[in-house]
>>> print(open('target_25.pdb').read())   # PDB, C-alpha atoms
ATOM      1  CA  MET H 297      -5.872 -61.713 104.536
ATOM      2  CA  TYR H 298      -6.886 -58.795 102.333
ATOM      3  CA  THR H 299     -10.205 -57.969 100.726
ATOM      4  CA  VAL H 300     -10.069 -55.667  97.680
ATOM      5  CA  ILE H 301     -13.173 -53.489  97.236
ATOM      6  CA  THR H 302     -13.583 -51.132  94.285
ATOM      7  CA  GLY H 303     -15.749 -48.030  94.504
ATOM      8  CA  ALA H 304     -15.426 -47.901  98.290
ATOM      9  CA  SER H 305     -15.667 -44.180  99.030
ATOM     10  CA  ARG H 306     -19.443 -44.317  99.563
ATOM     11  CA  GLY H 307     -22.584 -46.411  99.192
ATOM     12  CA  ILE H 308     -22.398 -50.186  99.013
ATOM     13  CA  GLY H 309     -18.607 -50.244  98.672
ATOM     14  CA  LYS H 310     -18.133 -48.214 101.828
ATOM     15  CA  ALA H 311     -20.596 -50.399 103.759
ATOM     16  CA  LEU H 312     -18.734 -53.505 102.558
ATOM     17  CA  ALA H 313     -15.420 -52.027 103.697
ATOM     18  CA  TYR H 314     -16.724 -51.525 107.229
ATOM     19  CA  LYS H 315     -18.333 -54.960 107.277
ATOM     20  CA  PHE H 316     -15.226 -56.864 106.243
ATOM     21  CA  ALA H 317     -12.961 -54.760 108.466
ATOM     22  CA  SER H 318     -15.200 -55.557 111.440
ATOM     23  CA  HIS H 319     -14.496 -59.229 110.734
ATOM     24  CA  ASN H 320     -10.714 -58.771 110.785
ATOM     25  CA  TYR H 321      -9.969 -58.396 107.089
ATOM     26  CA  ASP H 322      -7.303 -55.954 105.944
ATOM     27  CA  LEU H 323      -8.405 -53.890 102.956
ATOM     28  CA  VAL H 324      -7.412 -52.476  99.607
ATOM     29  CA  LEU H 325      -9.979 -49.818  98.676
ATOM     30  CA  THR H 326     -10.314 -47.924  95.403
ATOM     31  CA  CYS H 327     -12.264 -44.957  94.114
ATOM     32  CA  GLU H 328     -12.498 -43.097  90.841
ATOM     33  CA  LYS H 329     -12.426 -39.500  92.100
ATOM     34  CA  ASN H 330     -13.361 -39.137  95.776
ATOM     35  CA  ILE H 331      -9.954 -39.796  97.317
ATOM     36  CA  ASP H 332     -10.665 -37.406 100.225
ATOM     37  CA  LEU H 333     -13.799 -39.379 101.144
ATOM     38  CA  LEU H 334     -11.882 -42.634 100.776
ATOM     39  CA  ASN H 335      -9.115 -41.333 103.024
ATOM     40  CA  GLU H 336     -11.739 -40.588 105.682
ATOM     41  CA  VAL H 337     -12.978 -44.186 105.407
ATOM     42  CA  LYS H 338      -9.395 -45.447 105.720
ATOM     43  CA  LYS H 339      -8.665 -43.414 108.853
ATOM     44  CA  ASP H 340     -11.938 -44.349 110.529
ATOM     45  CA  ILE H 341     -11.523 -48.077 109.840
ATOM     46  CA  GLU H 342      -7.922 -48.015 111.065
ATOM     47  CA  ASP H 343      -8.982 -46.257 114.266
ATOM     48  CA  ARG H 344     -12.072 -48.370 114.948
ATOM     49  CA  PHE H 345     -10.913 -51.822 113.844
ATOM     50  CA  ASN H 346      -7.114 -51.593 113.847
ATOM     51  CA  ARG H 347      -6.885 -52.996 110.311
ATOM     52  CA  ASN H 348      -4.401 -52.239 107.533
ATOM     53  CA  VAL H 349      -6.061 -50.181 104.790
ATOM     54  CA  ILE H 350      -4.473 -49.381 101.424
ATOM     55  CA  ILE H 351      -6.274 -46.796  99.282
ATOM     56  CA  VAL H 352      -5.921 -46.277  95.535
ATOM     57  CA  LYS H 353      -7.353 -43.631  93.231
ATOM     58  CA  GLY H 354      -8.117 -44.943  89.759
ATOM     59  CA  GLU H 355      -6.847 -48.245  88.376
ATOM     60  CA  LEU H 356      -5.079 -50.785  90.554
ATOM     61  CA  ASN H 357      -1.459 -51.633  89.788
ATOM     62  CA  ARG H 358       0.534 -54.679  90.849
ATOM     63  CA  GLU H 359       2.500 -52.639  93.363
ATOM     64  CA  ASP H 360      -0.768 -51.677  95.096
ATOM     65  CA  LEU H 361      -1.571 -55.280  95.939
ATOM     66  CA  PRO H 362      -0.252 -57.346  98.849
ATOM     67  CA  ASP H 363       0.328 -61.039  98.225
ATOM     68  CA  ALA H 364      -2.389 -62.315 100.551
ATOM     69  CA  VAL H 365      -5.513 -61.223  98.654
ATOM     70  CA  TYR H 366      -8.374 -63.600  99.375
ATOM     71  CA  ILE H 367     -11.473 -61.681  98.244
ATOM     72  CA  LEU H 368     -12.090 -59.216  95.410
ATOM     73  CA  ILE H 369     -15.377 -57.322  95.314
ATOM     74  CA  ASN H 370     -15.942 -55.560  91.992
ATOM     75  CA  ASN H 371     -18.372 -52.949  93.238
ATOM     76  CA  ALA H 372     -17.434 -49.815  91.260
ATOM     77  CA  GLY H 373     -20.046 -48.858  88.733
ATOM     78  CA  LYS H 374     -21.828 -46.029  86.997
ATOM     79  CA  CYS H 375     -25.308 -45.468  85.599
ATOM     80  CA  ASP H 376     -26.627 -43.068  82.975
ATOM     81  CA  TYR H 377     -30.368 -42.470  83.155
ATOM     82  CA  ASN H 378     -31.351 -41.606  79.601
ATOM     83  CA  LEU H 379     -33.038 -42.802  76.434
ATOM     84  CA  LEU H 380     -30.708 -44.628  74.058
ATOM     85  CA  GLN H 381     -31.292 -41.949  71.399
ATOM     86  CA  ASP H 382     -30.205 -39.265  73.861
ATOM     87  CA  THR H 383     -27.101 -41.093  75.104
ATOM     88  CA  SER H 384     -23.858 -39.684  73.736
ATOM     89  CA  TYR H 385     -21.053 -41.980  72.691
ATOM     90  CA  GLU H 386     -18.827 -40.322  75.304
ATOM     91  CA  LYS H 387     -21.309 -41.133  78.075
ATOM     92  CA  TYR H 388     -21.664 -44.673  76.711
ATOM     93  CA  LYS H 389     -17.884 -45.177  76.873
ATOM     94  CA  GLU H 390     -17.811 -43.770  80.399
ATOM     95  CA  VAL H 391     -20.370 -46.310  81.637
ATOM     96  CA  ILE H 392     -18.705 -49.162  79.725
ATOM     97  CA  TYR H 393     -15.319 -48.340  81.248
ATOM     98  CA  SER H 394     -16.595 -48.096  84.806
ATOM     99  CA  ASN H 395     -18.810 -51.192  84.711
ATOM    100  CA  LEU H 396     -16.982 -53.535  82.330
ATOM    101  CA  ASP H 397     -13.425 -52.401  81.597
ATOM    102  CA  TYR H 398     -12.577 -51.739  85.240
ATOM    103  CA  THR H 399     -14.050 -55.084  86.292
ATOM    104  CA  PHE H 400     -11.954 -56.827  83.627
ATOM    105  CA  LEU H 401      -8.744 -55.020  84.561
ATOM    106  CA  THR H 402      -9.130 -55.542  88.299
ATOM    107  CA  SER H 403     -10.194 -59.182  88.004
ATOM    108  CA  LYS H 404      -7.268 -59.968  85.697
ATOM    109  CA  LEU H 405      -4.773 -58.387  88.085
ATOM    110  CA  VAL H 406      -6.105 -59.810  91.337
ATOM    111  CA  SER H 407      -6.824 -63.289  89.965
ATOM    112  CA  GLU H 408      -3.116 -63.672  89.161
ATOM    113  CA  LYS H 409      -2.388 -63.703  92.897
ATOM    114  CA  MET H 410      -5.369 -65.943  93.632
ATOM    115  CA  ILE H 411      -4.299 -68.501  91.032
ATOM    116  CA  LYS H 412      -0.795 -68.519  92.457
ATOM    117  CA  ALA H 413      -2.156 -69.025  95.996
ATOM    118  CA  ARG H 414      -4.787 -71.513  94.734
ATOM    119  CA  GLN H 415      -7.533 -69.806  96.708
ATOM    120  CA  GLY H 416      -9.783 -66.794  96.399
ATOM    121  CA  ILE H 417     -13.279 -65.455  95.766
ATOM    122  CA  ILE H 418     -14.222 -62.869  93.154
ATOM    123  CA  VAL H 419     -17.532 -61.148  93.856
ATOM    124  CA  ASN H 420     -19.149 -59.033  91.149
ATOM    125  CA  ILE H 421     -21.852 -56.532  92.048
ATOM    126  CA  SER H 422     -24.440 -56.774  89.306
ATOM    127  CA  SER H 423     -28.057 -55.692  89.023
ATOM    128  CA  MET H 424     -31.483 -57.152  88.375
ATOM    129  CA  TRP H 425     -31.590 -54.800  85.381
ATOM    130  CA  GLY H 426     -28.909 -56.996  83.828
ATOM    131  CA  ILE H 427     -31.510 -59.777  83.873
ATOM    132  CA  LEU H 428     -34.744 -57.851  83.362
ATOM    133  CA  GLY H 429     -33.615 -54.780  81.424
ATOM    134  CA  ALA H 430     -34.696 -51.275  82.393
ATOM    135  CA  THR H 431     -36.133 -48.527  80.249
ATOM    136  CA  MET H 432     -34.007 -45.351  80.392
ATOM    137  CA  GLU H 433     -31.104 -47.501  81.595
ATOM    138  CA  THR H 434     -30.313 -49.484  78.459
ATOM    139  CA  ILE H 435     -26.528 -49.095  78.611
ATOM    140  CA  TYR H 436     -26.448 -49.851  82.337
ATOM    141  CA  SER H 437     -28.598 -52.949  81.760
ATOM    142  CA  MET H 438     -26.278 -54.058  78.963
ATOM    143  CA  THR H 439     -23.193 -53.762  81.180
ATOM    144  CA  LYS H 440     -24.780 -55.651  84.059
ATOM    145  CA  GLY H 441     -25.881 -58.413  81.691
ATOM    146  CA  GLY H 442     -22.242 -58.511  80.625
ATOM    147  CA  ILE H 443     -21.129 -58.808  84.254
ATOM    148  CA  ASN H 444     -23.426 -61.812  84.689
ATOM    149  CA  ALA H 445     -21.987 -63.539  81.621
ATOM    150  CA  PHE H 446     -18.442 -62.634  82.705
ATOM    151  CA  THR H 447     -19.128 -64.199  86.109
ATOM    152  CA  LYS H 448     -20.340 -67.497  84.672
ATOM    153  CA  ALA H 449     -17.506 -67.755  82.161
ATOM    154  CA  LEU H 450     -14.721 -66.789  84.582
ATOM    155  CA  ALA H 451     -16.054 -69.234  87.182
ATOM    156  CA  LYS H 452     -15.513 -72.060  84.690
ATOM    157  CA  GLU H 453     -12.063 -70.742  83.787
ATOM    158  CA  LEU H 454     -10.830 -70.502  87.395
ATOM    159  CA  LYS H 455     -12.543 -73.539  88.888
ATOM    160  CA  ASP H 456      -9.486 -75.780  88.623
ATOM    161  CA  SER H 457      -7.423 -73.090  90.366
ATOM    162  CA  ASN H 458      -9.749 -73.231  93.391
ATOM    163  CA  VAL H 459     -10.903 -69.654  92.795
ATOM    164  CA  ASP H 460     -14.645 -68.996  93.006
ATOM    165  CA  VAL H 461     -16.523 -66.328  91.039
ATOM    166  CA  ILE H 462     -20.039 -65.188  91.918
ATOM    167  CA  ALA H 463     -22.265 -62.165  91.358
ATOM    168  CA  PHE H 464     -25.032 -60.475  93.281
ATOM    169  CA  ALA H 465     -27.816 -59.113  91.067
ATOM    170  CA  LEU H 466     -29.179 -56.366  93.280
ATOM    171  CA  GLY H 467     -32.680 -54.998  93.219
ATOM    172  CA  ALA H 468     -33.543 -51.534  94.511
ATOM    173  CA  VAL H 469     -30.901 -50.220  96.920
ATOM    174  CA  ASP H 470     -31.014 -46.800  98.565
ATOM    175  CA  THR H 471     -27.850 -45.259  97.082
ATOM    176  CA  ASP H 472     -26.847 -42.098  95.233
ATOM    177  CA  MET H 473     -27.557 -43.934  91.981
ATOM    178  CA  ASN H 474     -31.234 -43.271  92.622
ATOM    179  CA  ASN H 475     -30.779 -39.509  93.061
ATOM    180  CA  HIS H 476     -32.266 -38.917  89.608
ATOM    181  CA  LEU H 477     -35.672 -39.775  91.062
ATOM    182  CA  SER H 478     -37.778 -36.904  92.369
ATOM    183  CA  GLY H 479     -39.584 -37.331  95.678
ATOM    184  CA  SER H 480     -42.839 -38.347  94.015
ATOM    185  CA  GLU H 481     -41.064 -40.646  91.533
ATOM    186  CA  ARG H 482     -39.268 -42.340  94.401
ATOM    187  CA  GLU H 483     -42.548 -42.867  96.270
ATOM    188  CA  GLU H 484     -44.172 -44.401  93.198
ATOM    189  CA  PHE H 485     -41.184 -46.656  92.571
ATOM    190  CA  VAL H 486     -41.120 -47.913  96.151
ATOM    191  CA  LYS H 487     -44.810 -48.818  95.855
ATOM    192  CA  THR H 488     -43.897 -51.309  93.117
ATOM    193  CA  LEU H 489     -41.587 -53.240  95.448
ATOM    194  CA  ASN H 490     -43.069 -56.250  97.217
ATOM    195  CA  ASN H 491     -41.410 -55.377 100.512
ATOM    196  CA  GLY H 492     -42.426 -51.713 100.231
ATOM    197  CA  ARG H 493     -38.922 -50.256 100.542
ATOM    198  CA  MET H 494     -35.429 -50.290  99.118
ATOM    199  CA  TRP H 495     -32.561 -52.273 100.612
ATOM    200  CA  THR H 496     -30.156 -50.277 102.763
ATOM    201  CA  VAL H 497     -26.458 -50.491 101.956
ATOM    202  CA  ASP H 498     -25.794 -52.065 105.355
ATOM    203  CA  GLU H 499     -28.327 -54.813 104.658
ATOM    204  CA  ILE H 500     -26.629 -55.564 101.350
ATOM    205  CA  ALA H 501     -23.205 -55.648 103.023
ATOM    206  CA  ASP H 502     -24.497 -58.023 105.712
ATOM    207  CA  ILE H 503     -25.953 -60.431 103.138
ATOM    208  CA  ILE H 504     -22.850 -60.405 100.935
ATOM    209  CA  TYR H 505     -20.546 -61.011 103.892
ATOM    210  CA  ASP H 506     -22.727 -63.866 105.131
ATOM    211  CA  VAL H 507     -22.938 -65.579 101.734
ATOM    212  CA  VAL H 508     -19.233 -65.162 100.972
ATOM    213  CA  SER H 509     -17.784 -65.984 104.388
ATOM    214  CA  TYR H 510     -19.898 -69.116 104.857
ATOM    215  CA  LYS H 511     -19.697 -70.091 101.158
ATOM    216  CA  LYS H 512     -23.456 -70.258 100.726
ATOM    217  CA  TYR H 513     -23.112 -70.457  96.950
ATOM    218  CA  ASN H 514     -21.846 -72.482  94.018
ATOM    219  CA  THR H 515     -19.160 -70.901  91.881
ATOM    220  CA  GLY H 516     -20.756 -69.205  88.885
ATOM    221  CA  ASP H 517     -23.948 -68.324  90.777
ATOM    222  CA  ILE H 518     -25.811 -65.090  90.050
ATOM    223  CA  ILE H 519     -27.478 -64.483  93.410
ATOM    224  CA  GLU H 520     -30.601 -62.364  93.049
ATOM    225  CA  LEU H 521     -31.416 -59.998  95.912
ATOM    226  CA  ASN H 522     -34.776 -59.072  94.476
ATOM    227  CA  ASN H 523     -37.074 -56.966  96.622
ATOM    228  CA  GLY H 524     -39.946 -57.013  94.197
ATOM    229  CA  LEU H 525     -38.568 -56.189  90.763
ATOM    230  CA  ILE H 526     -40.289 -58.335  88.147
TER     231      ILE H 526
END
>>> encode(input="target_25.pdb", output="structure tokens")
Amino acid sequence: MYTVITGASRGIGKALAYKFASHNYDLVLTCEKNIDLLNEVKKDIEDRFNRNVIIVKGELNREDLPDAVYILINNAGKCDYNLLQDTSYEKYKEVIYSNLDYTFLTSKLVSEKMIKARQGIIVNISSMWGILGATMETIYSMTKGGINAFTKALAKELKDSNVDVIAFALGAVDTDMNNHLSGSEREEFVKTLNNGRMWTVDEIADIIYDVVSYKKYNTGDIIELNNGLI
């Protein structure tokens, strides 16, 4: 069985790739630009876990997909840290494409195979900012709110096909997305978290694998991994 993971060249997507490969899943991995990094992930996973790994730069096409796709993880995403008034329309479209358009395109393509097989799980990586909203991240918050609504609606649409759809609304995770924070800003932000630190990408991958593999959810759930954001 294959797991498709978008945005897998680094961060959460990369951690998820290693996690699912270690549990005997073959993989289809995508990235937007970093194909060299993704190729390194592919070679390492093949060597360490002896799994089949297909890599794709940019949008998935039908010919990229094997028939036996059981899990899709829509992880690819982009953030722009800026005031709304200072956000260009070009940057807005860039974030919309990465977070919403790409999720739509990939879900549409992969769900065709899942519907035909009458089994599958679509996992959308969302954010607590899609629920709470975040100053300086208005467009990002809007897209993640859209992912949450997309999850609930698609879950209803695919329920009779025995395909589940869920989302994980993540809190603060230690990824490159937080590189805009200076050292002091990062320290102050971490102090606001109830557990006093950000999630690691490996912790997130462990939780997602556990929830998905043991079906600890109801289809349509938005599962909040909130480490203190209120």
>>> resolve_selection(input="target_25.pdb", expression="the PyMOL selection byres ((chain H and resi 350) around 8)", output="ChimeraX atom specification")
/H:323-325,338,348-349,351-352,360
>>> resolve_selection(input="target_25.pdb", expression="the PyMOL selection byres ((chain H and resi 326) around 9)", output="PyMOL selection string")
chain H and resi 300-305+324-325+327-328+331+334+350-356+372
>>> resolve_selection(input="target_25.pdb", expression="the PyMOL selection byres ((chain H and resi 393-398) around 10)", output="PDB file with C-alpha atoms, keeping the file's coordinate frame")
ATOM      1  CA  THR H 302     -13.583 -51.132  94.285  1.00  0.00           C
ATOM      2  CA  GLY H 303     -15.749 -48.030  94.504  1.00  0.00           C
ATOM      3  CA  GLU H 328     -12.498 -43.097  90.841  1.00  0.00           C
ATOM      4  CA  GLY H 354      -8.117 -44.943  89.759  1.00  0.00           C
ATOM      5  CA  GLU H 355      -6.847 -48.245  88.376  1.00  0.00           C
ATOM      6  CA  LEU H 356      -5.079 -50.785  90.554  1.00  0.00           C
ATOM      7  CA  ASN H 370     -15.942 -55.560  91.992  1.00  0.00           C
ATOM      8  CA  ASN H 371     -18.372 -52.949  93.238  1.00  0.00           C
ATOM      9  CA  ALA H 372     -17.434 -49.815  91.260  1.00  0.00           C
ATOM     10  CA  GLY H 373     -20.046 -48.858  88.733  1.00  0.00           C
ATOM     11  CA  LYS H 374     -21.828 -46.029  86.997  1.00  0.00           C
ATOM     12  CA  CYS H 375     -25.308 -45.468  85.599  1.00  0.00           C
ATOM     13  CA  LYS H 387     -21.309 -41.133  78.075  1.00  0.00           C
ATOM     14  CA  TYR H 388     -21.664 -44.673  76.711  1.00  0.00           C
ATOM     15  CA  LYS H 389     -17.884 -45.177  76.873  1.00  0.00           C
ATOM     16  CA  GLU H 390     -17.811 -43.770  80.399  1.00  0.00           C
ATOM     17  CA  VAL H 391     -20.370 -46.310  81.637  1.00  0.00           C
ATOM     18  CA  ILE H 392     -18.705 -49.162  79.725  1.00  0.00           C
ATOM     19  CA  THR H 399     -14.050 -55.084  86.292  1.00  0.00           C
ATOM     20  CA  PHE H 400     -11.954 -56.827  83.627  1.00  0.00           C
ATOM     21  CA  LEU H 401      -8.744 -55.020  84.561  1.00  0.00           C
ATOM     22  CA  THR H 402      -9.130 -55.542  88.299  1.00  0.00           C
ATOM     23  CA  SER H 403     -10.194 -59.182  88.004  1.00  0.00           C
ATOM     24  CA  LYS H 404      -7.268 -59.968  85.697  1.00  0.00           C
ATOM     25  CA  ILE H 421     -21.852 -56.532  92.048  1.00  0.00           C
ATOM     26  CA  SER H 422     -24.440 -56.774  89.306  1.00  0.00           C
ATOM     27  CA  TYR H 436     -26.448 -49.851  82.337  1.00  0.00           C
ATOM     28  CA  MET H 438     -26.278 -54.058  78.963  1.00  0.00           C
ATOM     29  CA  THR H 439     -23.193 -53.762  81.180  1.00  0.00           C
ATOM     30  CA  LYS H 440     -24.780 -55.651  84.059  1.00  0.00           C
ATOM     31  CA  GLY H 442     -22.242 -58.511  80.625  1.00  0.00           C
ATOM     32  CA  ILE H 443     -21.129 -58.808  84.254  1.00  0.00           C
ATOM     33  CA  PHE H 446     -18.442 -62.634  82.705  1.00  0.00           C
TER      34      PHE H 446
END
>>> closest_residue(input="target_25.pdb", among="H:Thr515, H:Val508, H:Asn523, H:Asn330", to="Met494 of chain H", atoms="only C-alpha atoms")
H:Asn523
>>> closest_residue(input="target_25.pdb", among="H:Lys448, H:Lys310, H:Lys511, H:Lys339", to="Ile417 of chain H", atoms="all atoms listed in the file")
H:Lys511
>>> residues_around(input="target_25.pdb", residues="Ala317 of chain H", least_positions_apart="3", cutoff="10 Å", atoms="only C-alpha atoms", output="VMD selection string")
chain H and resid 298 to 299 311 to 314 320 to 323 341 to 342 344 to 349
>>> closest_residue(input="target_25.pdb", among="H:Leu454, H:Leu333, H:Leu380, H:Ile369", to="Ile308 of chain H", atoms="only C-alpha atoms")
H:Ile369
>>> atom_distance(input="target_25.pdb", atom1="atom CA of Val461 of chain H", atom2="atom CA of Ala430 of chain H")
25.1 Å
>>> closest_residue(input="target_25.pdb", among="H:Glu453, H:Asp498, H:Glu520, H:Asp332", to="Gly467 of chain H", atoms="only C-alpha atoms")
H:Glu520
>>> residues_around(input="target_25.pdb", residues="Met432 of chain H", least_positions_apart="4", cutoff="8 Å", atoms="all atoms listed in the file", output="VMD selection string")
chain H and resid 377 to 380
>>> atom_distance(input="target_25.pdb", atom1="atom CA of Asp517 of chain H", atom2="atom CA of Ile418 of chain H")
11.4 Å
